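As structure tokens, the structure follows; a few thoughts come after it.
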Amino acid sequence: MALLTKKDAKLISDPLADNNPITIQVLGICSALAITAELKASIVMAIAVMFVLGVGNVVISLMRNIIPSKIRIIVQLIVVATLVIVVDQVLKAFAYELSKTLSVFVGLIITNCIIMGRFEAFALGNGPWRSFLDGIGNALGYGVILVIVGFFRELLGSGTLLGFKVLGDPIAKTGLYSIGYENNGFMIIPPAALIVVGVIIWVQRSRNKALIEDH
């Protein structure tokens with residue numbers, strides 16, 4: 001028996017394209033604006049959300065038949081808060097400088113509507129394996145957008161990628177800077193993320209006309 005059926009595979013593939021949580025469902029926009037000025041922070045946030053959503057979906061799925069309906073939101077918040085605390089402590093232990101860069105935004109994973117949305121819409125009505133796949137798929141869809149936005153914002157705004165100078169030295173005027181290129185300071189402020197996300201949405205809808213809403 002195959003590990004993944006076609007329906008299971010779609011749980012991972014759909015959020016990467018035609019049902020992306022950021023560009024199609026317009027969820028999780030706040031963190032896409034806040035932490036994508038650097039590629040490294042974008043990657044770490046994507047991994048953190050993948051852990052929280054993947055494990056959280058499994059936990060909620062396992063508990064779905066014993067959670068009273070009236071307090072399900074409180075239970076979901078406790079689960080996600082516990083997982084976020086684990087992520088925060090691991091970052092502080094092994095990547096302290098990065099944890100300071102992400103600071104409050106790691107804690108705000110608790111209020112990420114993608115996570116609470118998948119708990120409500122999927123984990124409460126499906127088994128642990130499918131819930132895990134759904135969590136990983138949506139986290140990957142979220143993470144891909146974060147990485148793309150972080151890539152362009154850091155490259156065009158600072159001339160670096162993962163902290164390495166890839167366009168040359170702006171002070172010594174080497175590389176592209178030797179022919180007059182200057183970093184675009186606008187790219188490192190949050191509104192630039194909206195523009196990059198907007199371009200991604202435009203490209204996505206240009207490739208798939210079915211995603212264009214009728215008015």
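Identifiers in this document derive from the order of the structure tokens: chains are assigned A, B, ..., residues are numbered from 1 separately in each chain, and ligands are numbered from 1 in order of occurrence.
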Find the residues of region 57-144 of chain A that sit at most 12 Å from region 2-10 of chain A; for each, write down the nearest two atoms and how far apart they are in Å, to one decimal. Count only C-alpha atoms. Sort by chain, then by number going up, and give it as a tab-separated table.
residue	atom	partner	partner_atom	distance
A:Asn126	CA	A:Asp8	CA	11.7
A:Gly127	CA	A:Asp8	CA	11.7
A:Trp129	CA	A:Asp8	CA	9.1
A:Arg130	CA	A:Asp8	CA	6.6
A:Ser131	CA	A:Asp8	CA	9.7
A:Phe132	CA	A:Asp8	CA	10.1
A:Leu133	CA	A:Asp8	CA	7.1
A:Asp134	CA	A:Asp8	CA	8.3
A:Gly135	CA	A:Asp8	CA	11.7
A:Ile136	CA	A:Ala9	CA	11.1
A:Gly137	CA	A:Lys10	CA	8.6
A:Asn138	CA	A:Lys10	CA	10.9
Give me, as a PyMOL selection string, all polymer residues having an atom no more than 12 Å from region 211-213 of chain A, counting only C-alpha atoms and skipping those fewer than 5 positions away in the same chain. chain A and resi 17-20+23-25+201-206
Output for the residues just chosen: N, CA, C and O atoms as a short mmCIF file (atom, residue, chain, number, x, y, z; two decimals), in the first residue's frame:
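As written to disk, again22.cif reads:
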data_model
loop_
_atom_site.label_atom_id
_atom_site.label_comp_id
_atom_site.auth_asym_id
_atom_site.auth_seq_id
_atom_site.Cartn_x
_atom_site.Cartn_y
_atom_site.Cartn_z
N ALA A 17 0.37 25.68 -4.12
CA ALA A 17 0.04 26.33 -5.40
C ALA A 17 -1.33 27.00 -5.34
O ALA A 17 -1.44 28.14 -4.92
N ASP A 18 -2.37 26.25 -5.73
CA ASP A 18 -3.67 26.85 -5.96
C ASP A 18 -4.51 27.09 -4.71
O ASP A 18 -5.63 27.59 -4.79
N ASN A 19 -4.00 26.70 -3.55
CA ASN A 19 -4.72 26.98 -2.31
C ASN A 19 -3.75 27.47 -1.25
O ASN A 19 -3.84 27.10 -0.08
N ASN A 20 -2.83 28.32 -1.68
CA ASN A 20 -1.79 28.82 -0.77
C ASN A 20 -2.41 29.65 0.35
O ASN A 20 -3.26 30.51 0.09
N THR A 23 -1.32 33.65 -0.37
CA THR A 23 -1.70 34.31 -1.61
C THR A 23 -3.14 34.03 -2.05
O THR A 23 -3.71 34.82 -2.80
N ILE A 24 -3.72 32.94 -1.59
CA ILE A 24 -5.10 32.60 -1.98
C ILE A 24 -6.06 32.83 -0.82
O ILE A 24 -7.08 33.51 -0.96
N GLN A 25 -5.72 32.29 0.36
CA GLN A 25 -6.61 32.44 1.52
C GLN A 25 -6.37 33.76 2.26
O GLN A 25 -7.17 34.15 3.11
N ILE A 201 1.10 37.18 -6.12
CA ILE A 201 -0.32 36.93 -6.40
C ILE A 201 -0.63 37.17 -7.87
O ILE A 201 -1.36 36.39 -8.50
N TRP A 202 -0.09 38.25 -8.42
CA TRP A 202 -0.32 38.57 -9.84
C TRP A 202 0.23 37.46 -10.75
O TRP A 202 -0.44 37.03 -11.68
N VAL A 203 1.45 37.00 -10.46
CA VAL A 203 2.05 35.93 -11.26
C VAL A 203 1.22 34.66 -11.15
O VAL A 203 0.95 33.98 -12.15
N GLN A 204 0.79 34.34 -9.93
CA GLN A 204 0.01 33.13 -9.70
C GLN A 204 -1.31 33.16 -10.47
O GLN A 204 -1.69 32.17 -11.11
N ARG A 205 -1.98 34.29 -10.44
CA ARG A 205 -3.26 34.40 -11.15
C ARG A 205 -3.07 34.52 -12.66
O ARG A 205 -3.97 34.14 -13.42
N SER A 206 -1.95 35.02 -13.10
CA SER A 206 -1.67 35.09 -14.54
C SER A 206 -1.48 33.69 -15.10
O SER A 206 -1.86 33.41 -16.24
#
Using DSSP on the backbone coordinates, identify all residues within region 4-205 of chain A classified as helix (DSSP H, G or I); present the result as a PyMOL selection string. chain A and resi 6-16+29-34+39-63+69-94+96-102+104-111+113-121+123-125+128-158+175-179+185-188+191-205
DSSP-assigned strand (DSSP E or B) among region 50-212 of chain A, expressed as a ChimeraX atom specification: /A:160-161,164-165
Atoms kept (N, CA, C and O atoms) for selection, written as a PDB file, in the first residue's frame:
ATOM      1  N   THR A 160      22.544  41.458   0.245  1.00  0.00           N
ATOM      2  CA  THR A 160      23.086  40.246   0.867  1.00  0.00           C
ATOM      3  C   THR A 160      22.061  39.118   0.788  1.00  0.00           C
ATOM      4  O   THR A 160      20.878  39.346   0.541  1.00  0.00           O
ATOM      5  N   LEU A 161      22.534  37.886   1.034  1.00  0.00           N
ATOM      6  CA  LEU A 161      21.662  36.734   1.209  1.00  0.00           C
ATOM      7  C   LEU A 161      22.228  35.902   2.349  1.00  0.00           C
ATOM      8  O   LEU A 161      23.405  35.524   2.314  1.00  0.00           O
ATOM      9  N   PHE A 164      25.523  37.113   3.629  1.00  0.00           N
ATOM     10  CA  PHE A 164      26.691  37.147   2.744  1.00  0.00           C
ATOM     11  C   PHE A 164      26.490  38.201   1.653  1.00  0.00           C
ATOM     12  O   PHE A 164      25.414  38.280   1.044  1.00  0.00           O
ATOM     13  N   LYS A 165      27.524  38.994   1.395  1.00  0.00           N
ATOM     14  CA  LYS A 165      27.440  40.038   0.375  1.00  0.00           C
ATOM     15  C   LYS A 165      27.530  39.400  -1.013  1.00  0.00           C
ATOM     16  O   LYS A 165      28.592  38.930  -1.416  1.00  0.00           O
TER      17      LYS A 165
END
Can you list, as an MDAnalysis selection string, every protein, DNA or RNA residue that comes within 10 Å of Val87 (chain A) when you count only C-alpha atoms, leaving out same-chain residues fewer than 6 positions away? chainID A and resid 45 47:49 51:52 81 93 99 106:107
Let's have the selection written as an mmCIF file, in the first residue's frame, with all heavy atoms.
data_model
loop_
_atom_site.group_PDB
_atom_site.id
_atom_site.type_symbol
_atom_site.label_atom_id
_atom_site.label_comp_id
_atom_site.auth_asym_id
_atom_site.auth_seq_id
_atom_site.Cartn_x
_atom_site.Cartn_y
_atom_site.Cartn_z
ATOM 1 N N MET A 45 11.368 31.183 10.691
ATOM 2 C CA MET A 45 9.947 31.316 10.990
ATOM 3 C C MET A 45 9.144 30.238 10.261
ATOM 4 O O MET A 45 8.200 29.664 10.810
ATOM 5 C CB MET A 45 9.451 32.702 10.594
ATOM 6 C CG MET A 45 7.959 32.923 10.839
ATOM 7 S SD MET A 45 7.463 32.767 12.580
ATOM 8 C CE MET A 45 7.828 34.418 13.167
ATOM 9 N N ILE A 47 10.179 27.233 9.407
ATOM 10 C CA ILE A 47 10.416 25.954 10.096
ATOM 11 C C ILE A 47 9.631 25.899 11.410
ATOM 12 O O ILE A 47 9.048 24.869 11.761
ATOM 13 C CB ILE A 47 11.928 25.752 10.355
ATOM 14 C CG1 ILE A 47 12.671 25.586 9.029
ATOM 15 C CG2 ILE A 47 12.167 24.536 11.248
ATOM 16 C CD1 ILE A 47 14.183 25.600 9.162
ATOM 17 N N ALA A 48 9.602 27.033 12.133
ATOM 18 C CA ALA A 48 8.874 27.089 13.409
ATOM 19 C C ALA A 48 7.381 26.837 13.196
ATOM 20 O O ALA A 48 6.758 26.062 13.934
ATOM 21 C CB ALA A 48 9.089 28.454 14.071
ATOM 22 N N VAL A 49 6.814 27.482 12.176
ATOM 23 C CA VAL A 49 5.387 27.286 11.897
ATOM 24 C C VAL A 49 5.121 25.854 11.439
ATOM 25 O O VAL A 49 4.096 25.255 11.787
ATOM 26 C CB VAL A 49 4.898 28.314 10.848
ATOM 27 C CG1 VAL A 49 3.498 27.965 10.352
ATOM 28 C CG2 VAL A 49 4.904 29.710 11.436
ATOM 29 N N PHE A 51 6.703 23.148 12.416
ATOM 30 C CA PHE A 51 6.708 22.324 13.625
ATOM 31 C C PHE A 51 5.400 22.493 14.402
ATOM 32 O O PHE A 51 4.735 21.513 14.765
ATOM 33 C CB PHE A 51 7.900 22.685 14.513
ATOM 34 C CG PHE A 51 7.839 22.090 15.894
ATOM 35 C CD1 PHE A 51 8.149 20.749 16.098
ATOM 36 C CD2 PHE A 51 7.471 22.866 16.980
ATOM 37 C CE1 PHE A 51 8.076 20.191 17.370
ATOM 38 C CE2 PHE A 51 7.395 22.317 18.255
ATOM 39 C CZ PHE A 51 7.699 20.985 18.457
ATOM 40 N N VAL A 52 5.022 23.754 14.637
ATOM 41 C CA VAL A 52 3.824 24.030 15.438
ATOM 42 C C VAL A 52 2.572 23.495 14.751
ATOM 43 O O VAL A 52 1.728 22.855 15.393
ATOM 44 C CB VAL A 52 3.689 25.543 15.702
ATOM 45 C CG1 VAL A 52 2.345 25.863 16.360
ATOM 46 C CG2 VAL A 52 4.824 26.042 16.584
ATOM 47 N N ALA A 81 0.089 27.316 22.133
ATOM 48 C CA ALA A 81 0.958 28.103 23.019
ATOM 49 C C ALA A 81 2.088 27.237 23.580
ATOM 50 O O ALA A 81 3.242 27.684 23.679
ATOM 51 C CB ALA A 81 0.136 28.699 24.161
ATOM 52 N N ALA A 93 18.116 28.866 23.104
ATOM 53 C CA ALA A 93 19.227 27.989 23.491
ATOM 54 C C ALA A 93 20.260 27.836 22.385
ATOM 55 O O ALA A 93 21.468 27.794 22.647
ATOM 56 C CB ALA A 93 18.692 26.621 23.901
ATOM 57 N N SER A 99 16.883 34.636 17.760
ATOM 58 C CA SER A 99 15.678 34.721 18.591
ATOM 59 C C SER A 99 15.393 36.166 18.966
ATOM 60 O O SER A 99 14.232 36.573 19.094
ATOM 61 C CB SER A 99 15.827 33.873 19.857
ATOM 62 O OG SER A 99 16.656 34.495 20.817
ATOM 63 N N VAL A 106 7.771 35.367 17.258
ATOM 64 C CA VAL A 106 7.649 33.934 17.552
ATOM 65 C C VAL A 106 6.414 33.704 18.422
ATOM 66 O O VAL A 106 5.607 32.806 18.167
ATOM 67 C CB VAL A 106 8.917 33.398 18.250
ATOM 68 C CG1 VAL A 106 8.690 31.965 18.737
ATOM 69 C CG2 VAL A 106 10.102 33.433 17.304
ATOM 70 N N GLY A 107 6.248 34.544 19.434
ATOM 71 C CA GLY A 107 5.072 34.434 20.292
ATOM 72 C C GLY A 107 3.774 34.634 19.539
ATOM 73 O O GLY A 107 2.748 34.031 19.865
#
How many Å lie between CA of Pro15 (chain A) and CA of Ala139 (chain A), rounded to one decimal?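 That distance, rounded to one decimal, is 8.3 Å.
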Given only C-alpha atoms as the basis, pick out the residue of A:Thr111, A:Pro190, A:Val196, A:Asn208 nearest to Phe152 (chain A).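 Of the candidates, the smallest distance to Phe152 (chain A) is held by A:Val196.
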Considering only C-alpha atoms, state which residue in the set A:Val197, A:Met187, A:Leu27, A:Ala41 is at the smallest distance from Leu91 (chain A).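 Looking at the shortest contact to Leu91 (chain A), the residue is A:Ala41.
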Pick from A:Ile115, A:Leu62, A:Leu102, A:Val147, whichever lies nearest to Leu83 (chain A) using only C-alpha atoms: A:Ile115
Could you make a table, as JSON lines, of the residues of region 44-159 of chain A that have an atom within 12 Å of an atom of region 166-181 of chain A, each with its nearest atom pair and distance in Å to one decimal, counting only C-alpha atoms, in chain and number order?
{"residue": "A:Phe151", "atom": "CA", "partner": "A:Val166", "partner_atom": "CA", "distance": 11.9}
{"residue": "A:Glu154", "atom": "CA", "partner": "A:Val166", "partner_atom": "CA", "distance": 10.5}
{"residue": "A:Leu155", "atom": "CA", "partner": "A:Val166", "partner_atom": "CA", "distance": 8.0}
{"residue": "A:Leu156", "atom": "CA", "partner": "A:Leu167", "partner_atom": "CA", "distance": 9.3}
{"residue": "A:Gly157", "atom": "CA", "partner": "A:Leu167", "partner_atom": "CA", "distance": 11.1}
{"residue": "A:Ser158", "atom": "CA", "partner": "A:Leu167", "partner_atom": "CA", "distance": 9.2}
{"residue": "A:Gly159", "atom": "CA", "partner": "A:Leu167", "partner_atom": "CA", "distance": 5.4}
Between A:Ile114, A:Cys30, A:Lys100, A:Val75, which is the closest to Leu140 (chain A) once you count only C-alpha atoms?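 Using only C-alpha atoms, Leu140 (chain A) sits closest to A:Ile114.
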Residues near Ile145 (chain A), anyone? I mean within 8 Å using only C-alpha atoms, not counting same-chain ones fewer than 3 positions away, as a PyMOL selection string. chain A and resi 22+32+141-142+148-149+197
